Each structure stands twice: as C-alpha cells, then as structure tokens.
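Below is entry-v1.csv, which holds CSV, C-alpha atoms.
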chain,number,residue,atom,x,y,z
O,1,MET,CA,-15.1,-12.1,13.2
O,2,LYS,CA,-11.8,-12.5,14.8
O,3,LEU,CA,-8.5,-13.5,13.1
O,4,GLU,CA,-5.0,-14.0,14.5
O,5,PHE,CA,-1.9,-14.6,12.5
O,6,LEU,CA,1.9,-14.4,12.8
O,7,SER,CA,3.5,-11.1,11.8
O,8,LYS,CA,5.0,-12.4,8.6
O,9,SER,CA,4.7,-10.1,5.6
O,10,LYS,CA,3.3,-12.8,3.4
O,11,ASN,CA,0.2,-12.8,5.6
O,12,GLU,CA,-0.6,-9.2,4.6
O,13,SER,CA,-2.5,-10.3,1.5
O,14,PHE,CA,-4.4,-13.0,3.5
O,15,ALA,CA,-5.4,-10.5,6.2
O,16,ARG,CA,-6.9,-7.9,3.8
O,17,VAL,CA,-8.7,-10.6,1.7
O,18,VAL,CA,-10.3,-12.1,4.8
O,19,VAL,CA,-11.6,-8.7,6.0
O,20,ALA,CA,-12.9,-7.8,2.5
O,21,ALA,CA,-14.7,-11.2,2.3
O,22,PHE,CA,-16.3,-10.6,5.7
O,23,ALA,CA,-17.4,-7.1,4.7
O,24,SER,CA,-18.7,-8.3,1.4
O,25,GLN,CA,-21.8,-9.8,3.0
O,26,LEU,CA,-23.1,-6.2,3.2
O,27,ASP,CA,-22.9,-6.1,-0.6
O,28,PRO,CA,-20.8,-2.9,-0.8
O,29,THR,CA,-19.4,-1.5,-4.1
O,30,ILE,CA,-16.1,-2.7,-5.5
O,31,GLU,CA,-14.6,0.7,-4.6
O,32,GLU,CA,-15.8,0.5,-1.0
O,33,LEU,CA,-14.3,-3.0,-0.7
O,34,SER,CA,-11.1,-1.9,-2.2
O,35,ASP,CA,-10.9,1.0,0.3
O,36,ILE,CA,-11.2,-1.5,3.2
O,37,LYS,CA,-8.6,-3.8,1.7
O,38,THR,CA,-6.1,-0.9,1.4
O,39,ALA,CA,-6.7,0.4,4.9
O,40,VAL,CA,-6.3,-3.1,6.4
O,41,SER,CA,-3.2,-3.6,4.5
O,42,GLU,CA,-1.7,-0.4,5.9
O,43,ALA,CA,-2.6,-1.2,9.5
O,44,VAL,CA,-1.3,-4.8,9.2
O,45,THR,CA,1.9,-3.6,7.5
O,46,ASN,CA,2.5,-1.1,10.3
O,47,ALA,CA,2.0,-3.9,12.9
O,48,ILE,CA,4.5,-6.1,11.1
O,49,ILE,CA,7.2,-3.6,10.3
O,50,HIS,CA,7.0,-1.3,13.3
O,51,GLY,CA,5.1,-3.2,16.1
O,52,TYR,CA,7.1,-6.4,15.7
O,53,GLU,CA,10.3,-4.8,14.4
O,54,TYR,CA,12.4,-6.8,16.9
O,55,GLY,CA,10.7,-10.1,16.7
O,56,GLU,CA,7.7,-11.9,15.4
O,57,GLY,CA,4.4,-11.8,17.3
O,58,ILE,CA,0.7,-12.2,16.8
O,59,VAL,CA,-1.4,-9.6,14.9
O,60,SER,CA,-5.1,-9.8,15.6
O,61,ILE,CA,-8.0,-8.4,13.6
O,62,GLU,CA,-11.5,-8.1,14.8
O,63,ALA,CA,-14.3,-7.0,12.5
O,64,ILE,CA,-17.8,-6.2,13.5
O,65,ILE,CA,-20.7,-5.4,11.2
O,66,GLU,CA,-23.5,-3.1,12.4
O,67,ASP,CA,-26.2,-1.9,10.0
O,68,ASN,CA,-24.3,-0.6,6.9
O,69,ARG,CA,-21.0,-0.1,8.6
O,70,VAL,CA,-18.1,-2.3,9.4
O,71,GLU,CA,-15.6,-1.7,12.2
O,72,VAL,CA,-12.1,-3.2,11.9
O,73,ILE,CA,-9.7,-3.4,14.9
O,74,VAL,CA,-6.1,-4.3,14.1
O,75,GLN,CA,-4.0,-5.0,17.2
O,76,ASP,CA,-0.4,-5.9,17.9
O,77,LYS,CA,1.4,-6.4,21.2
O,78,GLY,CA,4.6,-5.0,19.9
O,79,ARG,CA,6.8,-2.1,20.7
O,80,GLY,CA,4.1,0.6,20.5
O,81,ILE,CA,4.4,4.2,19.1
O,82,GLU,CA,6.0,6.8,21.2
O,83,ASP,CA,4.2,9.8,19.6
O,84,VAL,CA,1.0,8.8,17.8
O,85,ASN,CA,0.3,12.3,16.5
O,86,LYS,CA,3.7,12.5,14.9
O,87,ALA,CA,3.4,9.1,13.5
O,88,MET,CA,0.1,10.1,11.9
O,89,GLU,CA,1.5,13.1,10.1
O,90,PRO,CA,1.6,12.6,6.3
O,91,PHE,CA,5.0,11.5,5.0
O,92,PHE,CA,6.4,10.8,8.5
O,93,THR,CA,8.3,7.5,8.6
O,94,SER,CA,10.7,6.1,11.1
O,95,LYS,CA,12.0,3.9,8.3
O,96,PRO,CA,13.1,6.0,5.3
O,97,GLU,CA,15.8,3.4,4.5
O,98,LEU,CA,13.1,0.9,3.7
O,99,GLU,CA,11.5,3.4,1.3
O,100,ARG,CA,8.4,3.6,3.4
O,101,SER,CA,6.3,6.5,2.0
O,102,GLY,CA,5.0,7.5,5.5
O,103,MET,CA,1.5,7.5,4.1
O,104,GLY,CA,0.0,4.5,5.9
O,105,PHE,CA,-2.1,6.5,8.4
O,106,THR,CA,-3.1,9.0,5.8
O,107,VAL,CA,-4.4,6.2,3.6
O,108,MET,CA,-6.4,4.8,6.5
O,109,GLU,CA,-7.8,8.2,7.3
O,110,THR,CA,-8.7,8.9,3.7
O,111,PHE,CA,-10.1,5.5,2.8
O,112,MET,CA,-12.1,4.9,6.0
O,113,ASP,CA,-14.7,7.1,7.7
O,114,ASN,CA,-13.2,7.0,11.1
O,115,LEU,CA,-9.8,6.2,12.5
O,116,GLN,CA,-8.6,5.9,16.1
O,117,VAL,CA,-5.1,4.9,17.2
O,118,GLU,CA,-4.2,3.9,20.7
O,119,SER,CA,-0.7,3.0,21.5
O,120,GLN,CA,1.4,2.3,24.6
O,121,LEU,CA,5.2,1.9,24.4
O,122,ASN,CA,6.3,-1.7,24.8
O,123,HIS,CA,2.7,-2.8,25.0
O,124,GLY,CA,1.4,-2.5,21.5
O,125,THR,CA,-0.9,-0.6,19.2
O,126,ILE,CA,-4.7,-0.7,18.5
O,127,VAL,CA,-6.0,0.7,15.3
O,128,LYS,CA,-9.8,1.1,15.1
O,129,MET,CA,-11.3,2.0,11.8
O,130,VAL,CA,-14.9,2.3,10.6
O,131,LYS,CA,-16.1,2.2,7.1
O,132,VAL,CA,-19.7,3.2,6.3
O,133,PHE,CA,-21.0,1.7,3.1
O,134,LYS,CA,-23.0,4.5,1.7
O,135,SER,CA,-24.2,2.4,-1.1
O,136,VAL,CA,-25.9,0.0,1.3
O,137,PRO,CA,-29.3,1.0,2.7
O,138,VAL,CA,-29.8,0.8,6.5
O,139,GLU,CA,-32.6,-1.5,7.3
O,140,GLY,CA,-35.4,-0.8,9.8
X,1,MET,CA,3.1,-10.7,-8.1
X,2,ARG,CA,4.6,-11.1,-11.5
X,3,LEU,CA,7.1,-8.8,-13.0
X,4,SER,CA,8.5,-8.7,-16.5
X,5,THR,CA,11.1,-6.3,-17.8
X,6,GLU,CA,12.1,-5.2,-21.3
X,7,ILE,CA,15.0,-3.0,-22.4
X,8,ILE,CA,14.5,-0.6,-25.3
X,9,LYS,CA,17.5,1.6,-25.9
X,10,ASP,CA,18.2,3.2,-22.6
X,11,ASN,CA,14.7,2.6,-21.2
X,12,LEU,CA,13.7,-0.1,-18.7
X,13,ILE,CA,10.1,-1.1,-19.2
X,14,ILE,CA,8.6,-2.8,-16.2
X,15,ARG,CA,5.3,-4.6,-16.3
X,16,LEU,CA,3.7,-5.4,-12.9
X,17,GLU,CA,0.9,-7.9,-12.5
X,18,GLY,CA,-0.8,-8.8,-9.2
X,19,GLU,CA,-0.7,-7.2,-5.8
X,20,LEU,CA,1.9,-4.6,-4.8
X,21,ASP,CA,2.2,-4.4,-1.0
X,22,HIS,CA,5.0,-4.4,1.5
X,23,HIS,CA,5.6,-8.1,1.1
X,24,THR,CA,5.9,-8.1,-2.7
X,25,SER,CA,7.5,-4.6,-3.1
X,26,GLU,CA,10.9,-5.7,-1.7
X,27,GLU,CA,11.5,-8.2,-4.4
X,28,VAL,CA,10.1,-5.9,-7.1
X,29,ARG,CA,12.6,-3.3,-5.9
X,30,ARG,CA,15.5,-5.7,-6.0
X,31,LYS,CA,14.7,-6.8,-9.5
X,32,ILE,CA,14.1,-3.4,-11.0
X,33,ASP,CA,17.3,-1.9,-9.4
X,34,SER,CA,19.5,-4.8,-10.6
X,35,GLU,CA,18.2,-4.5,-14.2
X,36,TYR,CA,18.5,-0.7,-14.2
X,37,TYR,CA,22.0,-0.4,-12.8
X,38,ASN,CA,23.5,-3.6,-14.3
X,39,ASN,CA,22.5,-2.4,-17.8
X,40,ASN,CA,23.4,1.2,-17.1
X,41,LEU,CA,19.9,2.5,-18.2
X,42,LEU,CA,18.5,6.0,-18.0
X,43,ASN,CA,14.7,6.0,-17.9
X,44,MET,CA,12.0,3.7,-16.5
X,45,VAL,CA,8.5,3.1,-17.7
X,46,LEU,CA,6.3,1.4,-15.1
X,47,ASP,CA,3.3,-0.3,-16.6
X,48,LEU,CA,0.8,-0.7,-13.8
X,49,GLY,CA,-2.1,-2.0,-16.0
X,50,GLY,CA,-1.9,-5.5,-14.5
X,51,LEU,CA,-2.1,-4.5,-10.8
X,52,ASN,CA,-5.2,-5.3,-8.9
X,53,PHE,CA,-4.0,-4.0,-5.6
X,54,MET,CA,-1.6,-1.4,-4.4
X,55,ASP,CA,-1.1,0.2,-1.0
X,56,SER,CA,1.4,2.8,0.3
X,57,SER,CA,4.3,0.4,-0.1
X,58,GLY,CA,3.8,0.8,-3.8
X,59,ILE,CA,4.0,4.6,-3.4
X,60,GLY,CA,7.3,4.1,-1.6
X,61,LEU,CA,8.6,1.9,-4.3
X,62,ILE,CA,7.7,4.3,-7.1
X,63,MET,CA,9.1,7.3,-5.2
X,64,GLY,CA,12.4,5.4,-4.7
X,65,ARG,CA,12.6,4.6,-8.4
X,66,TYR,CA,11.8,8.2,-9.3
X,67,LYS,CA,14.7,9.3,-7.2
X,68,ASN,CA,17.1,6.8,-8.8
X,69,CYS,CA,16.1,7.9,-12.3
X,70,LYS,CA,16.6,11.5,-11.3
X,71,GLU,CA,20.0,10.8,-9.9
X,72,GLN,CA,21.0,9.2,-13.2
X,73,GLY,CA,19.6,12.1,-15.2
X,74,GLY,CA,16.7,10.1,-16.5
X,75,LYS,CA,13.0,10.1,-15.9
X,76,LEU,CA,10.3,7.8,-14.7
X,77,SER,CA,7.0,7.4,-16.4
X,78,ILE,CA,3.9,5.5,-15.3
X,79,VAL,CA,1.5,4.0,-17.9
X,80,ASN,CA,-1.7,2.1,-17.9
X,81,ILE,CA,-3.2,3.4,-14.6
X,82,ASN,CA,-6.4,1.5,-13.8
X,83,SER,CA,-9.2,2.1,-11.3
X,84,LYS,CA,-7.6,-0.2,-8.7
X,85,VAL,CA,-4.5,2.0,-8.3
X,86,GLU,CA,-5.8,5.4,-9.3
X,87,ARG,CA,-7.1,6.6,-6.0
X,88,ILE,CA,-3.9,5.9,-4.0
X,89,LEU,CA,-1.7,7.4,-6.7
X,90,GLU,CA,-3.8,10.5,-6.7
X,91,MET,CA,-3.7,11.0,-2.9
X,92,SER,CA,0.0,10.4,-2.8
X,93,GLY,CA,0.8,13.4,-5.0
X,94,LEU,CA,2.9,11.2,-7.2
X,95,MET,CA,0.8,12.1,-10.3
X,96,LYS,CA,2.1,15.6,-10.0
X,97,ILE,CA,5.8,14.7,-10.2
X,98,VAL,CA,6.0,11.7,-12.5
X,99,ASN,CA,5.1,11.5,-16.2
X,100,ILE,CA,1.8,9.8,-16.8
X,101,TYR,CA,1.0,8.2,-20.2
X,102,ILE,CA,-1.7,5.9,-21.5
X,103,THR,CA,0.7,3.4,-23.2
X,104,VAL,CA,4.3,2.3,-23.1
X,105,GLU,CA,4.7,3.5,-26.7
X,106,GLU,CA,3.5,6.9,-25.9
X,107,ALA,CA,6.0,7.1,-22.9
X,108,LEU,CA,8.9,6.0,-25.1
X,109,LYS,CA,8.1,8.6,-27.8
X,110,SER,CA,8.1,11.5,-25.4

Translate the structure described by the file into structure tokens.
Amino acid sequence: MKLEFLSKSKNESFARVVVAAFASQLDPTIEELSDIKTAVSEAVTNAIIHGYEYGEGIVSIEAIIEDNRVEVIVQDKGRGIEDVNKAMEPFFTSKPELERSGMGFTVMETFMDNLQVESQLNHGTIVKMVKVFKSVPVEG
Amino acid sequence: MRLSTEIIKDNLIIRLEGELDHHTSEEVRRKIDSEYYNNNLLNMVLDLGGLNFMDSSGIGLIMGRYKNCKEQGGKLSIVNINSKVERILEMSGLMKIVNIYITVEEALKS
C-alpha cells in the first residue's frame, strides 16, 4: 500500500486511519491497532513539523504486510535531521516553544517492535517501523 | 475534536472529545489558555473520558497546562482516563506529576 499526501496537519488523522485500516486485514487486537495508529501519527507529525518546517511538501507512507507483521515506512523529502541519535533521545525537542514533548521517537520505539531512522540533511528522513501482531497466528 | 469548558469557583473543567493530535492540540491549547487567564482561574481539571486517540502532542499539551497551573499556584488534575489514552500517559511519566482522579467531582473535592 502506498499513500502520498501534502504535509498539512489536518492530514495526520487521515494518514493514521488509512494505515490502521490496511493493517486491520490481519485482524489484530484493538490495542495493537491503536499502537500502530499512534506510531504513525508521531512519524507523520515529525515529517510535517520538522521535515517540512520551511514549506509544504509530500509525505509518503508505504505499508507492507508479511505473515503476522506490518512494516510501515514514512518518508519526507524535507530538511532532514542533523543528529538522529540526539533527536531520538527521550524529551529532546527542537521546538520547545511549540510545547512539543520530545517523545515522538520514544513512542514509536515503545509501541512498535522495530524502529529505524535514516536521515540526510536537506534530503529528508525515512522512518521504518515494524509491528508484529502477536495475537495473529503465522500461517504455514 | 470537541471541547467544552465549565467554571466552578476557581476551577476550569475541560472536557475533551475526539482525537488529540498535533493538528487539534493547537486550538485546544488556545481555548484552554484564554478561558483560564481571562477568568483568572487557579486549577484545571482535564476530563479525558471522551478521547479516542491521543499521541505525544497531547502529552505536550498537558505538560504545558501543568506548568501554567503551577505558575499560578494552582494544580492540574486529570480525570476519566480510558484505555485509549492510558498507555501513552503512563509512558510519558505524567501520571507521576499530575493528580489523577476517577471523576470531576472527586477532583474538585480534593
């Protein structure tokens, strides 16, 4: 599944609902779906607030289902992150004036089973997350 | 997102319904702050019972209101936590610094 949309904050809700609807074909629990929705919301919010801080752009989301897991890739072609490790520290925020809690990456890490962040200054950021639905039996 | 407010003595009671994310939190913040400061209030009671989604933007919003209350010498309470918001509230550490009650009435009595 691939989805592209403009980096407007009103699209955050749309984005997380689409990914949750896609993942729901595996019949996960409500909690597992809620985890994915929250993680996607964090990644998309980062792309909008940080990635496209200086002008709107396209946020793309790709989701792939494999057995009982779903991989979600959220990508922006915005300004990128200078120091990914620092950005991923709990409570780190470059925007305290916007009352950002600095917990976005921590939420993604906690609610998903795997998180990888690749970023290049002025080229954009790719967030890859995997959720394993432990409630769903693996076939075969 | 729907927000309704009620003032009882020097308490601002805020009921949130819907989804609290980056998009909705900015307007929620504006409304809460204008009610709180324009009416010279002390405490806030945030009723989260009607929320069916919250991400870390909600954490930022609550932390900001917690600071405002503290500056004014008041306190912030959260009531009606449901399963949709419990996990993120727990991981944020907010439950350790704000007052948690079951109902608005209970929060007002304390």

Would you mind reading off the distance between atom CA of Glu26 of chain X and atom CA of Leu12 of chain X, one decimal, in Å?
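Answer for the atom CA of Glu26 of chain X to atom CA of Leu12 of chain X separation: 18.1 Å.
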
Point out the residue among O:Phe14, O:Tyr52, O:Phe22, O:Phe133 with the least atom-to-atom distance to chain X, counting all atoms listed in the file.
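Nearest to chain X: O:Phe14.
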
Answer as a PyMOL selection string, residues within 8 Å of (-3.1, -6.1, -9.7) using all atoms listed in the file:
chain X and resi 1+16-20+48-54+84

d(atom CA of Glu89 of chain O, atom CA of Glu71 of chain O) in Å:
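Atom CA of Glu71 of chain O lies 22.7 Å from atom CA of Glu89 of chain O.
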
I want to know what sits within 9 Å of Asp21 of chain X, based on all atoms listed in the file, with residues of the same chain fewer than 3 positions away left out; could you give that as a short mmCIF file (atom, residue, chain, number, x, y, z; two decimals) with C-alpha atoms, keeping the file's coordinate frame?
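Below is the file part.cif, written as the result:
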data_model
loop_
_atom_site.label_atom_id
_atom_site.label_comp_id
_atom_site.auth_asym_id
_atom_site.auth_seq_id
_atom_site.Cartn_x
_atom_site.Cartn_y
_atom_site.Cartn_z
CA GLU O 12 -0.60 -9.20 4.60
CA SER O 13 -2.50 -10.30 1.50
CA SER O 41 -3.20 -3.60 4.50
CA GLU O 42 -1.70 -0.40 5.90
CA THR O 45 1.90 -3.60 7.50
CA THR X 24 5.90 -8.10 -2.70
CA SER X 25 7.50 -4.60 -3.10
CA GLU X 26 10.90 -5.70 -1.70
CA PHE X 53 -4.00 -4.00 -5.60
CA MET X 54 -1.60 -1.40 -4.40
CA ASP X 55 -1.10 0.20 -1.00
CA SER X 56 1.40 2.80 0.30
CA SER X 57 4.30 0.40 -0.10
CA GLY X 58 3.80 0.80 -3.80
#

The residues within 10 Å of (16.9, -2.1, -14.5), using all atoms listed in the file and the coordinates of the file, should be reported as a list in words; which are they?
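Output: Thr5, Glu6, Ile7, Asp10, Asn11, Leu12, Ile13, Ile14, Arg29, Arg30, Lys31, Ile32, Asp33, Ser34, Glu35, Tyr36, Tyr37, Asn38, Asn39, Asn40, Leu41, Leu42, Asn43 and Met44 of chain X.
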